[in-house]
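Asks: What follows is protein-v2.cif; its format and atoms are mmCIF, N, CA and C atoms.
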```
data_protein
loop_
_atom_site.label_atom_id
_atom_site.label_comp_id
_atom_site.auth_asym_id
_atom_site.auth_seq_id
_atom_site.Cartn_x
_atom_site.Cartn_y
_atom_site.Cartn_z
N MET A 72 9.82 20.80 -37.16
CA MET A 72 9.29 21.93 -37.89
C MET A 72 9.52 21.71 -39.39
N PRO A 73 8.49 21.95 -40.21
CA PRO A 73 8.67 21.76 -41.65
C PRO A 73 9.64 22.79 -42.23
N ARG A 74 10.35 22.38 -43.28
CA ARG A 74 11.27 23.30 -43.93
C ARG A 74 10.54 24.24 -44.88
N LEU A 75 9.33 23.86 -45.30
CA LEU A 75 8.56 24.66 -46.23
C LEU A 75 7.09 24.35 -46.02
N ALA A 76 6.28 25.39 -45.95
CA ALA A 76 4.83 25.19 -45.84
C ALA A 76 4.18 25.64 -47.13
N ALA A 77 3.27 24.82 -47.63
CA ALA A 77 2.58 25.13 -48.89
C ALA A 77 1.16 24.61 -48.78
N SER A 78 0.30 25.10 -49.64
CA SER A 78 -1.07 24.61 -49.70
C SER A 78 -1.48 24.48 -51.15
N THR A 79 -2.64 23.88 -51.36
CA THR A 79 -3.14 23.72 -52.72
C THR A 79 -4.20 24.75 -53.05
N GLY A 80 -4.44 25.67 -52.16
CA GLY A 80 -5.43 26.72 -52.44
C GLY A 80 -5.49 27.73 -51.32
N SER A 81 -6.31 28.73 -51.52
CA SER A 81 -6.46 29.77 -50.51
C SER A 81 -7.39 29.29 -49.40
N ALA A 82 -7.29 29.92 -48.25
CA ALA A 82 -8.13 29.55 -47.12
C ALA A 82 -9.61 29.76 -47.44
N CYS A 83 -9.92 30.81 -48.19
CA CYS A 83 -11.32 31.11 -48.48
C CYS A 83 -11.94 30.12 -49.46
N HIS A 84 -11.11 29.30 -50.13
CA HIS A 84 -11.64 28.34 -51.09
C HIS A 84 -11.44 26.90 -50.63
N SER A 85 -10.88 26.70 -49.43
CA SER A 85 -10.58 25.35 -48.98
C SER A 85 -11.85 24.56 -48.71
N GLY A 86 -11.76 23.27 -48.95
CA GLY A 86 -12.87 22.37 -48.67
C GLY A 86 -14.00 22.38 -49.69
N THR A 87 -13.86 23.14 -50.76
CA THR A 87 -14.95 23.20 -51.74
C THR A 87 -14.91 22.05 -52.73
N GLY A 88 -13.73 21.46 -52.94
CA GLY A 88 -13.60 20.35 -53.88
C GLY A 88 -13.62 20.77 -55.33
N THR A 89 -13.59 22.07 -55.57
CA THR A 89 -13.56 22.58 -56.95
C THR A 89 -12.31 23.41 -57.15
N PRO A 90 -11.84 23.54 -58.38
CA PRO A 90 -10.64 24.35 -58.64
C PRO A 90 -10.87 25.81 -58.27
N SER A 91 -9.82 26.46 -57.84
CA SER A 91 -9.87 27.87 -57.49
C SER A 91 -10.27 28.72 -58.69
N PRO A 92 -11.22 29.63 -58.52
CA PRO A 92 -11.59 30.53 -59.61
C PRO A 92 -10.40 31.37 -60.10
N ALA A 93 -9.50 31.72 -59.19
CA ALA A 93 -8.32 32.51 -59.59
C ALA A 93 -7.43 31.70 -60.52
N LEU A 94 -7.22 30.43 -60.22
CA LEU A 94 -6.39 29.58 -61.07
C LEU A 94 -7.06 29.34 -62.42
N ARG A 95 -8.38 29.17 -62.40
CA ARG A 95 -9.11 29.01 -63.66
C ARG A 95 -8.99 30.26 -64.51
N ALA A 96 -9.06 31.44 -63.86
CA ALA A 96 -8.94 32.71 -64.59
C ALA A 96 -7.54 32.87 -65.17
N MET A 97 -6.54 32.24 -64.55
CA MET A 97 -5.17 32.29 -65.07
C MET A 97 -4.97 31.32 -66.22
N GLY A 98 -6.00 30.53 -66.53
CA GLY A 98 -5.92 29.64 -67.68
C GLY A 98 -5.68 28.18 -67.37
N LEU A 99 -5.58 27.81 -66.10
CA LEU A 99 -5.39 26.39 -65.78
C LEU A 99 -6.71 25.66 -65.97
N ASP A 100 -6.65 24.49 -66.60
CA ASP A 100 -7.88 23.73 -66.81
C ASP A 100 -8.25 22.99 -65.53
N GLU A 101 -9.41 22.34 -65.55
CA GLU A 101 -9.93 21.67 -64.35
C GLU A 101 -9.03 20.56 -63.85
N ALA A 102 -8.26 19.95 -64.74
CA ALA A 102 -7.37 18.87 -64.34
C ALA A 102 -6.09 19.39 -63.69
N ARG A 103 -5.58 20.53 -64.17
CA ARG A 103 -4.31 21.05 -63.65
C ARG A 103 -4.48 21.95 -62.44
N ALA A 104 -5.59 22.66 -62.33
CA ALA A 104 -5.78 23.61 -61.24
C ALA A 104 -5.62 22.98 -59.85
N PRO A 105 -6.17 21.79 -59.60
CA PRO A 105 -6.00 21.20 -58.26
C PRO A 105 -4.55 20.80 -57.95
N ALA A 106 -3.69 20.72 -58.97
CA ALA A 106 -2.29 20.34 -58.76
C ALA A 106 -1.40 21.55 -58.46
N ALA A 107 -1.96 22.74 -58.51
CA ALA A 107 -1.17 23.95 -58.24
C ALA A 107 -0.77 24.01 -56.77
N VAL A 108 0.38 24.58 -56.51
CA VAL A 108 0.87 24.75 -55.14
C VAL A 108 0.92 26.22 -54.83
N ARG A 109 0.40 26.60 -53.68
CA ARG A 109 0.37 28.00 -53.27
C ARG A 109 1.41 28.24 -52.18
N LEU A 110 2.23 29.24 -52.40
CA LEU A 110 3.22 29.68 -51.41
C LEU A 110 2.93 31.12 -51.07
N SER A 111 3.09 31.48 -49.83
CA SER A 111 2.88 32.86 -49.42
C SER A 111 4.21 33.48 -49.04
N LEU A 112 4.38 34.72 -49.41
CA LEU A 112 5.59 35.47 -49.06
C LEU A 112 5.23 36.51 -48.01
N GLY A 113 6.14 36.72 -47.10
CA GLY A 113 5.93 37.72 -46.07
C GLY A 113 6.80 38.94 -46.30
N ARG A 114 6.59 39.90 -45.47
CA ARG A 114 7.35 41.14 -45.56
C ARG A 114 8.86 40.91 -45.50
N TRP A 115 9.26 39.93 -44.73
CA TRP A 115 10.70 39.71 -44.51
C TRP A 115 11.26 38.57 -45.36
N THR A 116 10.49 38.07 -46.32
CA THR A 116 10.98 37.02 -47.21
C THR A 116 12.08 37.59 -48.10
N THR A 117 13.20 36.88 -48.16
CA THR A 117 14.34 37.34 -48.96
C THR A 117 14.44 36.55 -50.25
N PRO A 118 15.18 37.06 -51.22
CA PRO A 118 15.43 36.26 -52.43
C PRO A 118 16.06 34.90 -52.11
N SER A 119 16.89 34.86 -51.09
CA SER A 119 17.50 33.60 -50.67
C SER A 119 16.42 32.62 -50.17
N ASP A 120 15.43 33.13 -49.45
CA ASP A 120 14.31 32.29 -48.99
C ASP A 120 13.56 31.70 -50.18
N VAL A 121 13.33 32.52 -51.20
CA VAL A 121 12.61 32.07 -52.40
C VAL A 121 13.44 31.01 -53.12
N ASP A 122 14.74 31.24 -53.26
CA ASP A 122 15.62 30.26 -53.90
C ASP A 122 15.57 28.93 -53.15
N ARG A 123 15.60 28.99 -51.82
CA ARG A 123 15.55 27.76 -51.01
C ARG A 123 14.21 27.05 -51.19
N ALA A 124 13.13 27.80 -51.25
CA ALA A 124 11.81 27.21 -51.47
C ALA A 124 11.77 26.49 -52.82
N VAL A 125 12.35 27.11 -53.84
CA VAL A 125 12.39 26.48 -55.17
C VAL A 125 13.19 25.18 -55.10
N GLU A 126 14.32 25.19 -54.41
CA GLU A 126 15.13 23.98 -54.26
C GLU A 126 14.33 22.87 -53.59
N LEU A 127 13.63 23.21 -52.50
CA LEU A 127 12.85 22.21 -51.77
C LEU A 127 11.71 21.67 -52.62
N LEU A 128 11.03 22.54 -53.36
CA LEU A 128 9.95 22.08 -54.24
C LEU A 128 10.48 21.20 -55.35
N ALA A 129 11.60 21.60 -55.95
CA ALA A 129 12.21 20.78 -57.02
C ALA A 129 12.61 19.42 -56.48
N ASP A 130 13.18 19.38 -55.29
CA ASP A 130 13.54 18.10 -54.66
C ASP A 130 12.31 17.23 -54.45
N ALA A 131 11.21 17.85 -53.99
CA ALA A 131 9.98 17.10 -53.75
C ALA A 131 9.42 16.55 -55.06
N VAL A 132 9.44 17.35 -56.12
CA VAL A 132 8.93 16.90 -57.42
C VAL A 132 9.78 15.74 -57.94
N ARG A 133 11.10 15.88 -57.84
CA ARG A 133 11.98 14.80 -58.30
C ARG A 133 11.71 13.52 -57.52
N SER A 134 11.56 13.65 -56.21
CA SER A 134 11.32 12.48 -55.37
C SER A 134 10.00 11.80 -55.71
N LEU A 135 8.95 12.59 -55.86
CA LEU A 135 7.64 12.02 -56.21
C LEU A 135 7.64 11.41 -57.59
N ALA A 136 8.30 12.07 -58.54
CA ALA A 136 8.37 11.54 -59.91
C ALA A 136 9.15 10.23 -59.94
N ALA A 137 10.22 10.15 -59.16
CA ALA A 137 11.02 8.93 -59.13
C ALA A 137 10.21 7.78 -58.52
N GLU A 138 9.44 8.09 -57.47
CA GLU A 138 8.58 7.06 -56.87
C GLU A 138 7.54 6.58 -57.87
N GLU A 139 6.99 7.52 -58.62
CA GLU A 139 5.91 7.21 -59.58
C GLU A 139 6.43 6.43 -60.78
N THR A 140 7.59 6.81 -61.29
CA THR A 140 8.06 6.22 -62.55
C THR A 140 9.28 5.32 -62.40
N GLY A 141 9.95 5.40 -61.27
CA GLY A 141 11.14 4.60 -61.07
C GLY A 141 12.37 5.14 -61.76
N ARG A 142 12.32 6.41 -62.23
CA ARG A 142 13.50 7.00 -62.87
C ARG A 142 13.70 8.41 -62.35
N SER A 143 14.89 8.94 -62.53
CA SER A 143 15.19 10.29 -62.04
C SER A 143 14.72 11.34 -63.05
N TRP A 144 14.49 12.53 -62.57
CA TRP A 144 14.00 13.63 -63.39
C TRP A 144 14.87 14.86 -63.18
N THR A 145 14.97 15.69 -64.19
CA THR A 145 15.59 17.00 -64.07
C THR A 145 14.47 18.01 -63.99
N VAL A 146 14.54 18.89 -63.00
CA VAL A 146 13.51 19.90 -62.83
C VAL A 146 14.11 21.25 -63.16
N ALA A 147 13.56 21.93 -64.14
CA ALA A 147 14.01 23.27 -64.50
C ALA A 147 13.23 24.26 -63.66
N ALA A 148 13.93 25.18 -63.04
CA ALA A 148 13.28 26.15 -62.17
C ALA A 148 13.72 27.55 -62.52
N ARG A 149 12.89 28.50 -62.20
CA ARG A 149 13.24 29.91 -62.39
C ARG A 149 13.26 30.54 -60.99
N THR A 150 14.43 30.99 -60.58
CA THR A 150 14.55 31.51 -59.22
C THR A 150 14.96 32.97 -59.25
N CYS A 151 14.12 33.80 -58.71
CA CYS A 151 14.41 35.23 -58.57
C CYS A 151 15.00 35.84 -59.83
N GLY A 152 14.39 35.54 -60.97
CA GLY A 152 14.84 36.13 -62.21
C GLY A 152 16.01 35.41 -62.86
N ARG A 153 16.54 34.40 -62.20
CA ARG A 153 17.65 33.64 -62.77
C ARG A 153 17.13 32.28 -63.19
N SER A 154 17.46 31.85 -64.36
CA SER A 154 17.05 30.52 -64.81
C SER A 154 18.08 29.52 -64.32
N SER A 155 17.62 28.41 -63.79
CA SER A 155 18.55 27.39 -63.34
C SER A 155 17.95 26.03 -63.57
N SER A 156 18.79 25.04 -63.71
CA SER A 156 18.33 23.67 -63.82
C SER A 156 18.89 22.90 -62.65
N ARG A 157 18.03 22.21 -61.94
CA ARG A 157 18.47 21.48 -60.74
C ARG A 157 18.17 20.02 -60.87
#
```
Rewrite the structure of this file - the entire thing - as structure tokens.
Replies:
Amino acid sequence: MPRLAASTGSACHSGTGTPSPALRAMGLDEARAPAAVRLSLGRWTTPSDVDRAVELLADAVRSLAAEETGRSWTVAARTCGRSSSR
């Protein structure tokens, strides 16, 4: 079972090959919009769940960046109103 599920867009916009109109309206350009990650929260999602999701995403970004560049990265994250660097 995955530790975190994420997507790159909403179900109603999947398979179109174009950036989400919502992301474009938020100011993301055509190059950055497809790189956005979408997470959904449920009724029972806790602040601890959000913090854990941020940790997992930061770990994934660090891992991908290290593979791409061969060096380690520091990822600054904002978790539940608290600023942290991981």
Asks: Decode the PyMOL selection byres ((chain A and resi 102-117) around 6.5) for the given file into explicit residues and return them as a VMD selection string.
Replies: chain A and resid 76 to 80 90 to 91 94 to 95 99 to 101 118 to 122
Asks: Residue by residue, what does the PyMOL selection byres ((chain A and resi 75) around 8) grab here? Present the result as a list of chain:residue names.
Replies: A:Met72, A:Pro73, A:Arg74, A:Ala76, A:Ala77, A:Ser78, A:Arg123, A:Ala124, A:Leu127, A:Leu128
Asks: In Å, how far is it from atom C of Thr89 in chain A to atom N of Gly141 in chain A?
Replies: 28.9 Å
Asks: In Å, rounded to a single decimal, give me how far atom C of Glu126 in chain A is from CA of Glu138 in chain A.
Replies: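 Answer for the CA of Glu138 in chain A to atom C of Glu126 in chain A separation: 17.1 Å.
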Asks: How far is it from CA of Ala129 in chain A to CA of Gly98 in chain A, in Å with one decimal?
Replies: 22.8 Å
